[in-house]
$ cat data-v8.txt   # compact mmCIF, C-alpha atoms
# COMPACT_ATOMS: atom_id res chain seq x y z
CA MET A 1 92.49 156.96 -4.32
CA ASN A 2 95.07 159.65 -3.57
CA ILE A 3 92.40 161.88 -2.03
CA ILE A 4 91.37 159.04 0.30
CA LYS A 5 95.04 158.59 1.25
CA PHE A 6 95.38 162.34 1.84
CA PHE A 7 92.36 162.59 4.15
CA LEU A 8 93.35 159.41 5.96
CA THR A 9 96.82 160.86 6.61
CA LEU A 10 95.28 164.14 7.75
CA SER A 11 92.93 162.41 10.18
CA ILE A 12 95.75 160.21 11.56
CA THR A 13 97.82 163.38 12.17
CA ILE A 14 94.99 165.25 13.93
CA VAL A 15 93.93 162.26 16.07
CA MET A 16 97.55 161.46 16.95
CA LEU A 17 98.10 165.04 18.20
CA LEU A 18 94.88 164.97 20.23
CA LEU A 19 95.97 161.66 21.75
CA MET A 20 99.34 162.94 22.91
CA ASP A 21 97.86 164.31 26.14
CA PRO A 22 94.92 162.32 27.56
CA ARG A 23 93.72 165.38 29.50
CA SER A 24 93.45 167.63 26.45
CA PHE A 25 90.43 166.25 24.67
CA TYR A 26 87.46 164.59 26.39
CA GLY A 27 89.58 162.67 28.90
CA LEU A 28 90.52 159.01 29.08
CA PRO A 29 87.50 157.41 27.31
CA PHE A 30 88.26 159.34 24.10
CA HIS A 31 92.00 158.68 24.53
CA GLU A 32 91.54 154.92 24.78
CA TRP A 33 88.90 154.44 22.05
CA ALA A 34 90.59 156.81 19.60
CA GLY A 35 93.91 155.09 20.35
CA LEU A 36 92.45 151.80 19.19
CA ILE A 37 90.83 153.39 16.13
CA ILE A 38 94.10 155.07 15.08
CA GLY A 39 95.61 151.57 14.99
CA LEU A 40 92.97 150.59 12.42
CA PHE A 41 93.63 153.79 10.44
CA PHE A 42 97.33 152.90 10.42
CA ILE A 43 96.60 149.40 9.07
CA LEU A 44 94.35 150.95 6.39
CA HIS A 45 97.17 153.37 5.48
CA LYS A 46 99.50 150.40 5.00
CA VAL A 47 96.90 148.49 2.94
CA LEU A 48 96.41 151.50 0.63
CA ASN A 49 100.18 151.72 0.10
CA TRP A 50 100.68 147.97 -0.21
CA GLY A 51 101.96 148.30 -3.80
CA TRP A 52 104.89 150.52 -2.71
CA ILE A 53 105.69 148.25 0.27
CA LYS A 54 105.76 145.18 -1.98
CA LYS A 55 107.94 146.90 -4.61
CA VAL A 56 110.53 148.19 -2.12
CA THR A 57 110.60 144.91 -0.16
CA ILE A 58 111.49 143.00 -3.35
CA SER A 59 114.10 145.48 -4.57
CA PHE A 60 115.48 146.65 -1.18
CA PHE A 61 118.90 144.97 -1.52
CA THR A 62 119.24 145.41 -5.28
CA LYS A 63 118.20 148.49 -7.28
CA CYS A 64 116.19 150.50 -4.79
CA PRO A 65 116.91 154.29 -4.50
CA LEU A 66 118.44 155.47 -1.21
CA LYS A 67 115.44 157.65 -0.30
CA ALA A 68 113.05 154.73 -0.70
CA ARG A 69 115.31 152.64 1.56
CA ILE A 70 115.34 155.36 4.23
CA ASN A 71 111.54 155.66 3.99
CA TYR A 72 111.20 151.90 4.26
CA LEU A 73 113.35 151.72 7.41
CA LEU A 74 111.48 154.67 8.89
CA ASP A 75 108.19 152.88 8.19
CA ILE A 76 109.44 149.77 10.01
CA LEU A 77 110.37 151.93 13.03
CA LEU A 78 106.94 153.58 12.86
CA LEU A 79 105.28 150.16 12.77
CA ILE A 80 107.26 149.06 15.85
CA GLY A 81 106.46 152.36 17.61
CA ILE A 82 102.72 152.19 16.93
CA THR A 83 102.57 148.52 17.96
CA LEU A 84 104.32 149.28 21.26
CA MET A 85 102.13 152.34 21.79
CA ILE A 86 98.89 150.37 21.34
CA LEU A 87 100.14 147.34 23.29
CA SER A 88 101.23 149.44 26.28
CA GLY A 89 98.00 151.45 26.02
CA ILE A 90 96.03 148.22 26.26
CA ALA A 91 98.09 147.16 29.30
CA ILE A 92 97.34 150.39 31.22
CA ALA A 93 93.78 150.98 29.94
CA ARG A 94 91.34 152.10 32.63
CA THR A 95 88.03 152.67 30.86
CA ILE A 96 88.17 149.59 28.58
CA ASP A 97 88.72 146.24 30.27
CA PHE A 98 91.61 144.36 28.69
CA SER A 99 92.49 142.34 31.81
CA TRP A 100 91.51 139.15 29.96
CA LEU A 101 94.56 139.64 27.70
CA ARG A 102 96.91 139.04 30.70
CA LEU A 103 99.81 141.03 29.26
CA GLY A 104 101.88 140.78 32.45
CA GLY A 105 104.65 143.21 33.40
CA SER A 106 104.40 146.01 35.94
CA HIS A 107 101.99 148.92 35.46
CA ASN A 108 104.91 151.34 35.85
CA PHE A 109 106.84 149.64 33.04
CA TRP A 110 103.89 149.82 30.62
CA ARG A 111 103.23 153.47 31.56
CA VAL A 112 106.83 154.46 30.82
CA MET A 113 106.72 152.38 27.63
CA HIS A 114 103.50 154.12 26.55
CA THR A 115 104.91 157.61 27.09
CA SER A 116 108.28 156.89 25.48
CA SER A 117 106.90 155.01 22.48
CA SER A 118 104.28 157.69 21.76
CA PHE A 119 106.84 160.52 21.99
CA ILE A 120 109.31 158.70 19.73
CA THR A 121 106.52 157.73 17.30
CA LEU A 122 105.31 161.34 17.03
CA ALA A 123 108.85 162.46 16.17
CA LEU A 124 109.17 159.67 13.55
CA PHE A 125 105.76 160.61 12.22
CA GLY A 126 106.96 164.21 11.75
CA ILE A 127 110.07 163.00 9.91
CA HIS A 128 107.90 160.70 7.76
CA LEU A 129 105.71 163.66 6.77
CA GLY A 130 108.77 165.81 6.04
CA LEU A 131 110.15 163.16 3.67
CA HIS A 132 106.76 162.91 1.91
CA TRP A 133 106.20 166.68 1.74
CA ASN A 134 106.30 166.76 -2.06
CA TRP A 135 103.51 164.17 -2.15
CA VAL A 136 101.43 166.37 0.21
CA LEU A 137 102.04 169.43 -1.99
CA GLN A 138 101.01 167.47 -5.08
CA ARG A 139 97.74 166.44 -3.38
CA LEU A 140 97.05 170.05 -2.35
CA LYS A 141 97.76 171.32 -5.86
CA PHE A 142 95.46 168.65 -7.28
CA LYS A 143 92.71 169.79 -4.91
CA ILE A 144 93.18 173.47 -5.78
CA THR A 145 93.11 172.75 -9.54
CA THR A 146 89.99 170.59 -9.27
CA ASN A 147 88.23 173.27 -7.20
CA GLY A 148 89.38 176.10 -9.45
CA MET B 1 111.09 184.48 -4.64
CA VAL B 2 108.78 186.25 -2.15
CA ARG B 3 106.98 182.95 -1.60
CA LYS B 4 110.27 181.18 -0.90
CA ILE B 5 111.40 183.84 1.59
CA SER B 6 108.06 183.85 3.42
CA PHE B 7 108.16 180.04 3.58
CA LEU B 8 111.70 180.25 5.00
CA ILE B 9 110.65 182.79 7.67
CA LEU B 10 107.66 180.62 8.60
CA SER B 11 109.93 177.58 8.83
CA VAL B 12 112.39 179.36 11.14
CA ALA B 13 109.51 180.56 13.34
CA LEU B 14 108.10 177.02 13.53
CA LEU B 15 111.54 175.60 14.33
CA VAL B 16 111.95 178.07 17.22
CA LEU B 17 108.43 177.35 18.52
CA GLY B 18 109.08 173.62 18.19
CA ALA B 19 112.36 173.87 20.11
CA LEU B 20 110.63 175.81 22.90
CA ALA B 21 107.78 173.29 23.09
CA PHE B 22 110.36 170.46 23.02
CA ASN B 23 111.95 171.90 26.17
CA LYS B 24 108.67 172.72 27.85
CA LEU B 25 107.31 169.20 27.39
CA GLY B 26 110.55 167.57 28.55
CA TYR B 27 110.38 165.73 25.23
CA TRP B 28 113.86 164.20 25.20
CA ASP B 29 113.72 163.02 28.81
CA ARG B 30 110.29 161.43 28.36
CA SER B 31 111.28 159.83 25.04
CA VAL B 32 114.36 158.04 26.37
CA ARG B 33 112.89 157.18 29.78
CA ILE B 34 112.13 153.62 28.66
CA PHE B 35 115.85 153.00 27.97
CA ARG B 36 116.72 154.09 31.51
CA PHE B 37 113.85 152.18 33.10
CA ASN B 38 114.82 150.16 36.14
CA SER B 39 112.21 147.69 37.32
CA ASP B 40 113.61 147.80 40.90
CA ALA B 41 113.23 151.59 41.08
CA SER B 42 109.76 151.54 42.64
CA TYR B 43 110.92 149.24 45.46
CA THR B 44 113.97 151.43 46.22
CA GLY B 45 111.70 154.46 46.22
CA LYS B 46 109.37 153.02 48.84
CA LYS B 47 112.30 151.93 51.00
CA ALA B 48 113.83 155.37 50.76
CA ILE B 49 110.57 157.04 51.79
CA GLY B 50 110.29 154.78 54.86
CA GLN B 51 113.85 155.36 55.97
CA GLY B 52 113.63 159.07 55.30
CA ALA B 53 110.47 159.37 57.36
CA ARG B 54 112.05 157.57 60.29
CA ARG B 55 115.25 159.62 60.11
CA GLU B 56 113.31 162.87 59.86
CA PHE B 57 111.06 161.85 62.69
CA ALA B 58 114.06 160.83 64.84
CA GLY B 59 115.57 164.25 64.41
CA SER B 60 112.53 166.25 65.33
CA ARG B 61 109.99 164.44 67.50
CA THR B 62 111.70 161.67 69.53
CA HIS B 63 112.00 163.89 72.57
CA ASP B 64 108.22 163.43 73.01
CA LEU B 65 108.59 159.67 73.44
CA PRO B 66 109.08 157.85 76.75
CA ASP B 67 112.71 156.65 77.39
CA ASN B 68 112.07 152.97 76.62
CA LEU B 69 110.31 153.78 73.32
CA ARG B 70 113.01 156.27 72.33
CA ARG B 71 115.65 153.51 72.79
CA ARG B 72 113.63 151.10 70.64
CA PHE B 73 113.13 153.86 68.06
CA GLY B 74 116.87 154.54 67.93
CA ALA B 75 117.54 150.86 67.32
CA GLY B 76 115.10 150.95 64.40
CA GLU B 77 112.71 148.55 66.10
CA ILE B 78 109.72 150.90 65.80
CA SER B 79 108.92 153.86 63.56
CA PRO B 80 105.85 155.89 62.53
CA VAL B 81 105.68 153.76 59.38
CA SER B 82 105.89 150.37 61.17
CA GLU B 83 103.01 148.18 62.29
CA LYS B 84 104.32 148.11 65.86
CA TRP B 85 103.77 151.85 66.13
CA ASN B 86 100.03 151.59 66.73
CA LYS B 87 100.41 148.57 69.05
CA ASP B 88 103.26 149.66 71.33
CA VAL B 89 102.97 153.46 71.63
CA PRO B 90 100.37 154.73 74.10
CA ASP B 91 97.39 156.67 72.71
CA SER B 92 98.28 159.96 74.40
CA THR B 93 101.84 159.98 73.00
CA ARG B 94 100.62 159.00 69.53
CA LYS B 95 98.10 161.84 69.59
CA THR B 96 100.76 164.46 70.52
CA ILE B 97 103.25 163.20 67.92
CA GLY B 98 100.55 162.81 65.26
CA GLN B 99 99.57 166.45 65.79
CA GLY B 100 103.24 167.46 65.31
CA ILE B 101 103.54 165.51 62.08
CA ARG B 102 100.28 167.00 60.78
CA GLU B 103 101.50 170.53 61.54
CA GLN B 104 104.78 169.81 59.75
CA SER B 105 103.08 168.44 56.65
CA GLU B 106 100.62 171.33 56.49
CA THR B 107 103.28 174.01 56.63
CA ARG B 108 105.71 172.25 54.30
CA HIS B 109 105.67 172.83 50.55
CA PHE B 110 105.36 169.75 48.31
CA GLU B 111 108.37 170.19 46.07
CA ALA B 112 107.83 167.43 43.52
CA GLY B 113 104.62 168.80 42.03
CA ILE B 114 102.82 167.55 38.96
CA ARG B 115 103.99 168.14 35.41
CA ASN B 116 102.17 171.14 33.92
CA GLU B 117 100.18 171.41 37.14
CA ALA B 118 98.82 174.81 36.15
CA ASP B 119 97.36 173.39 32.92
CA HIS B 120 95.65 170.44 34.52
CA ARG B 121 94.24 171.66 37.80
CA GLY B 122 90.84 170.28 38.71
CA GLY B 123 91.04 166.66 37.49
CA GLU B 124 90.39 167.09 33.79
CA LEU B 125 91.37 163.45 33.31
CA ASN B 126 87.98 162.57 34.74
CA GLY B 127 86.23 164.92 32.38
CA THR B 128 85.75 168.09 34.46
CA LYS B 129 87.17 170.25 31.69
CA LYS B 130 86.54 168.65 28.30
CA ILE B 131 88.91 170.50 25.97
CA ASN B 132 92.25 172.08 26.76
CA LEU B 133 94.32 172.38 23.61
CA ARG B 134 97.40 174.11 25.06
CA ASN B 135 99.42 170.90 25.20
CA VAL B 136 98.10 169.76 21.81
CA LEU B 137 99.53 172.97 20.31
CA ARG B 138 102.86 172.23 21.98
CA PHE B 139 102.88 168.74 20.48
CA LEU B 140 101.89 170.22 17.12
CA SER B 141 104.90 172.56 17.33
CA VAL B 142 107.24 169.64 18.07
CA PHE B 143 105.66 167.65 15.22
CA ALA B 144 106.16 170.61 12.83
CA PHE B 145 109.74 170.96 14.11
CA PHE B 146 110.58 167.38 13.05
CA THR B 147 108.70 167.77 9.75
CA ILE B 148 110.60 170.93 8.79
CA LEU B 149 113.90 169.45 9.92
CA ALA B 150 113.36 166.35 7.76
CA LEU B 151 112.13 168.47 4.84
CA TYR B 152 115.25 170.69 4.76
CA LEU B 153 117.63 167.78 5.38
CA ASP B 154 116.01 165.98 2.45
CA LYS B 155 116.26 169.10 0.27
CA GLY B 156 119.92 169.56 1.28
CA ALA B 157 120.74 165.92 0.50
CA THR B 158 119.01 166.16 -2.90
CA LEU B 159 120.94 169.35 -3.70
CA ILE B 160 124.28 167.75 -2.77
CA ARG B 161 123.44 164.65 -4.83
CA LYS B 162 122.54 166.81 -7.85
CA ARG B 163 125.77 168.84 -7.55
CA ASN B 164 127.85 165.68 -7.33
CA ALA B 165 126.10 164.23 -10.37
CA LYS B 166 126.71 167.48 -12.27
CA LYS B 167 130.41 167.44 -11.35
CA ALA B 168 130.69 163.83 -12.44
CA ASP B 169 129.04 164.70 -15.77
CA GLN B 170 131.46 167.60 -16.34
CA ARG B 171 134.44 165.34 -15.66
CA PHE B 172 133.52 162.90 -18.43

$ encode --input "data-v8.txt" --output "structure tokens"
Amino acid sequence: MNIIKFFLTLSITIVMLLLMDPRSFYGLPFHEWAGLIIGLFFILHKVLNWGWIKKVTISFFTKCPLKARINYLLDILLLIGITLMILSGIAIARTIDFSWLRLGGSHNFWRVMHTSSSFITLALFGIHLGLHWNWVLQRLKFKITTNG
Amino acid sequence: MVRKISFLILSVALLVLGALAFNKLGYWDRSVRIFRFNSDASYTGKKAIGQGARREFAGSRTHDLPDNLRRRFGAGEISPVSEKWNKDVPDSTRKTIGQGIREQSETRHFEAGIRNEADHRGGELNGTKKINLRNVLRFLSVFAFFTILALYLDKGATLIRKRNAKKADQRF
């Protein structure tokens, strides 16, 4: 299970970085489709860690360690960021037709929202990885020992 | 020990690269732009362009207009951006003035430019050039910057917590 989590995290990181500039990798069609797929990856990431989410939600105001609380709040911010990123991406999409969703608001507003939310989310994502660095090292060690 | 020192050097290098990429991408400005967003800004912008064009035109080309048109232009009744322009100004005058405006725009440098223009010349958004990873590397540097920052802050906080716990133990 941990290996699945590790490769899922790795693919989210790589795809997220490729998505940061729509001109960098196969233009807008890739940007828009991969943007939707990364949303699914994110949901899968949350489903795989559902046990931790449940545990911290129950004990958040009682006996939860400070680091877990910080991680929990960071995860909520990440959830908001990714939701805004995908929502604004849908509103300004050019190769996939989402006009039937009738999201309203000006194109300029959604564009600015898309840029800002993705930049803030990438920063939060970096912080999230930094706080889980020991977990990453443990996974890498596990891989090296199994291979060796 | 050698491993720790090399990891520290690598971290410092990544932090410096990250800070440079942060500046280059205008990361802060683009991140907080949504909090400064003003929905009326686009309208003001258009208005400003119209007024600016008329003022600029008044200063340079009005001497080519007949007296009656120049008076109406001064009063703001007609301008090169108004609908009346095509209807009221004779063809010959419009042609002369149009030529002047064209010459001005051809010789003038467009100051605003496009962000990272050099990296994106040739319409890559439409798929002319498929892969250009320069900006991806910049974003990777910024991502690594935040990761390392969080990692060391976490390590520092853990160290302080441990020291405090040790002191508390020694007291009792």

$ interface_residues --input "data-v8.txt" --of "chain B" --to "chain A" --cutoff "6 Å" --atoms "all atoms listed in the file" --output "list in words"
Arg30, Ser31, Ile34, Glu124, Leu125, Gly127, Lys130, Ile131, Asn132, Leu133, Val136, Phe143, Phe146, Thr147, Ala150 and Leu151 of chain B

$ atom_distance --input "data-v8.txt" --atom1 "CA of Ala68 in chain A" --atom2 "CA of Lys46 in chain A"
15.3 Å

$ atom_distance --input "data-v8.txt" --atom1 "CA of Gly35 in chain A" --atom2 "CA of Ile90 in chain A"
9.3 Å

$ atom_distance --input "data-v8.txt" --atom1 "CA of Ile12 in chain A" --atom2 "CA of Ile38 in chain A"
6.4 Å

$ residues_near_point --input "data-v8.txt" --point "(111.8, 152.0, 6.7)" --cutoff "12 Å" --atoms "all atoms listed in the file" --output "PyMOL selection string"
chain A and resi 52-53+56-57+60+66-80+124-125+127-128+131

$ residues_around --input "data-v8.txt" --residues "Ile86 in chain A" --least-positions-apart "2" --cutoff "9 Å" --atoms "all atoms listed in the file" --output "PDB file with C-alpha atoms, in the coordinates of the input"
ATOM      1  CA  GLY A  35      93.910 155.090  20.350  1.00  0.00           C
ATOM      2  CA  LEU A  36      92.450 151.800  19.190  1.00  0.00           C
ATOM      3  CA  GLY A  39      95.610 151.570  14.990  1.00  0.00           C
ATOM      4  CA  GLY A  81     106.460 152.360  17.610  1.00  0.00           C
ATOM      5  CA  ILE A  82     102.720 152.190  16.930  1.00  0.00           C
ATOM      6  CA  THR A  83     102.570 148.520  17.960  1.00  0.00           C
ATOM      7  CA  LEU A  84     104.320 149.280  21.260  1.00  0.00           C
ATOM      8  CA  SER A  88     101.230 149.440  26.280  1.00  0.00           C
ATOM      9  CA  GLY A  89      98.000 151.450  26.020  1.00  0.00           C
ATOM     10  CA  ILE A  90      96.030 148.220  26.260  1.00  0.00           C
ATOM     11  CA  ALA A  91      98.090 147.160  29.300  1.00  0.00           C
ATOM     12  CA  HIS A 114     103.500 154.120  26.550  1.00  0.00           C
TER      13      HIS A 114
END

$ decode --input "data-v8.txt" --residues "range 6-37 of chain A" --atoms "N, CA and C atoms" --output "JSON list (two decimals), in the first residue's frame"
[["chain", "number", "residue", "atom", "x", "y", "z"],
["A", 6, "PHE", "N", 3.39, 6.07, -2.50],
["A", 6, "PHE", "CA", 4.63, 6.74, -2.90],
["A", 6, "PHE", "C", 4.59, 7.11, -4.39],
["A", 7, "PHE", "N", 4.22, 6.15, -5.24],
["A", 7, "PHE", "CA", 4.20, 6.43, -6.68],
["A", 7, "PHE", "C", 3.08, 7.39, -7.06],
["A", 8, "LEU", "N", 1.98, 7.33, -6.32],
["A", 8, "LEU", "CA", 0.89, 8.28, -6.56],
["A", 8, "LEU", "C", 1.37, 9.70, -6.25],
["A", 9, "THR", "N", 2.06, 9.86, -5.10],
["A", 9, "THR", "CA", 2.59, 11.17, -4.71],
["A", 9, "THR", "C", 3.59, 11.67, -5.74],
["A", 10, "LEU", "N", 4.46, 10.75, -6.19],
["A", 10, "LEU", "CA", 5.47, 11.12, -7.18],
["A", 10, "LEU", "C", 4.82, 11.58, -8.48],
["A", 11, "SER", "N", 3.80, 10.84, -8.93],
["A", 11, "SER", "CA", 3.15, 11.25, -10.18],
["A", 11, "SER", "C", 2.39, 12.56, -10.01],
["A", 12, "ILE", "N", 1.76, 12.79, -8.85],
["A", 12, "ILE", "CA", 1.07, 14.07, -8.62],
["A", 12, "ILE", "C", 2.09, 15.21, -8.71],
["A", 13, "THR", "N", 3.26, 15.01, -8.08],
["A", 13, "THR", "CA", 4.30, 16.05, -8.08],
["A", 13, "THR", "C", 4.76, 16.36, -9.51],
["A", 14, "ILE", "N", 5.06, 15.32, -10.28],
["A", 14, "ILE", "CA", 5.56, 15.54, -11.65],
["A", 14, "ILE", "C", 4.49, 16.22, -12.51],
["A", 15, "VAL", "N", 3.27, 15.70, -12.46],
["A", 15, "VAL", "CA", 2.19, 16.27, -13.28],
["A", 15, "VAL", "C", 1.91, 17.72, -12.87],
["A", 16, "MET", "N", 1.90, 17.97, -11.57],
["A", 16, "MET", "CA", 1.65, 19.32, -11.06],
["A", 16, "MET", "C", 2.69, 20.30, -11.62],
["A", 17, "LEU", "N", 3.96, 19.89, -11.62],
["A", 17, "LEU", "CA", 5.03, 20.77, -12.13],
["A", 17, "LEU", "C", 4.88, 20.99, -13.63],
["A", 18, "LEU", "N", 4.49, 19.95, -14.37],
["A", 18, "LEU", "CA", 4.30, 20.11, -15.81],
["A", 18, "LEU", "C", 3.10, 21.00, -16.11],
["A", 19, "LEU", "N", 2.14, 21.02, -15.18],
["A", 19, "LEU", "CA", 0.93, 21.81, -15.40],
["A", 19, "LEU", "C", 1.12, 23.29, -15.08],
["A", 20, "MET", "N", 2.20, 23.62, -14.39],
["A", 20, "MET", "CA", 2.37, 25.00, -13.93],
["A", 20, "MET", "C", 2.48, 26.00, -15.09],
["A", 21, "ASP", "N", 3.00, 25.57, -16.21],
["A", 21, "ASP", "CA", 3.05, 26.45, -17.38],
["A", 21, "ASP", "C", 2.42, 25.71, -18.56],
["A", 22, "PRO", "N", 1.25, 26.16, -19.03],
["A", 22, "PRO", "CA", 0.56, 25.43, -20.10],
["A", 22, "PRO", "C", 1.36, 25.32, -21.39],
["A", 23, "ARG", "N", 2.36, 26.21, -21.57],
["A", 23, "ARG", "CA", 3.14, 26.19, -22.81],
["A", 23, "ARG", "C", 4.29, 25.18, -22.77],
["A", 24, "SER", "N", 4.59, 24.67, -21.57],
["A", 24, "SER", "CA", 5.79, 23.86, -21.42],
["A", 24, "SER", "C", 5.68, 22.45, -21.96],
["A", 25, "PHE", "N", 4.51, 21.87, -21.90],
["A", 25, "PHE", "CA", 4.40, 20.44, -22.22],
["A", 25, "PHE", "C", 3.13, 20.15, -23.01],
["A", 26, "TYR", "N", 3.27, 20.01, -24.31],
["A", 26, "TYR", "CA", 2.19, 19.65, -25.22],
["A", 26, "TYR", "C", 0.96, 20.58, -25.19],
["A", 27, "GLY", "N", 1.17, 21.83, -24.81],
["A", 27, "GLY", "CA", 0.13, 22.85, -24.95],
["A", 27, "GLY", "C", -1.12, 22.66, -24.11],
["A", 28, "LEU", "N", -2.16, 23.39, -24.51],
["A", 28, "LEU", "CA", -3.39, 23.44, -23.72],
["A", 28, "LEU", "C", -4.15, 22.11, -23.58],
["A", 29, "PRO", "N", -4.25, 21.29, -24.65],
["A", 29, "PRO", "CA", -5.01, 20.04, -24.48],
["A", 29, "PRO", "C", -4.46, 19.18, -23.33],
["A", 30, "PHE", "N", -3.12, 19.03, -23.27],
["A", 30, "PHE", "CA", -2.53, 18.26, -22.17],
["A", 30, "PHE", "C", -2.83, 18.95, -20.84],
["A", 31, "HIS", "N", -2.66, 20.28, -20.81],
["A", 31, "HIS", "CA", -2.85, 21.06, -19.58],
["A", 31, "HIS", "C", -4.26, 20.84, -19.01],
["A", 32, "GLU", "N", -5.25, 20.88, -19.89],
["A", 32, "GLU", "CA", -6.63, 20.77, -19.40],
["A", 32, "GLU", "C", -7.01, 19.34, -18.99],
["A", 33, "TRP", "N", -6.63, 18.35, -19.80],
["A", 33, "TRP", "CA", -6.96, 16.96, -19.46],
["A", 33, "TRP", "C", -6.19, 16.50, -18.22],
["A", 34, "ALA", "N", -4.88, 16.81, -18.20],
["A", 34, "ALA", "CA", -4.07, 16.39, -17.04],
["A", 34, "ALA", "C", -4.52, 17.12, -15.78],
["A", 35, "GLY", "N", -5.00, 18.34, -15.94],
["A", 35, "GLY", "CA", -5.52, 19.10, -14.80],
["A", 35, "GLY", "C", -6.72, 18.41, -14.17],
["A", 36, "LEU", "N", -7.57, 17.84, -15.03],
["A", 36, "LEU", "CA", -8.73, 17.11, -14.50],
["A", 36, "LEU", "C", -8.29, 15.80, -13.85],
["A", 37, "ILE", "N", -7.32, 15.14, -14.49],
["A", 37, "ILE", "CA", -6.86, 13.84, -13.97],
["A", 37, "ILE", "C", -6.15, 14.01, -12.62]]
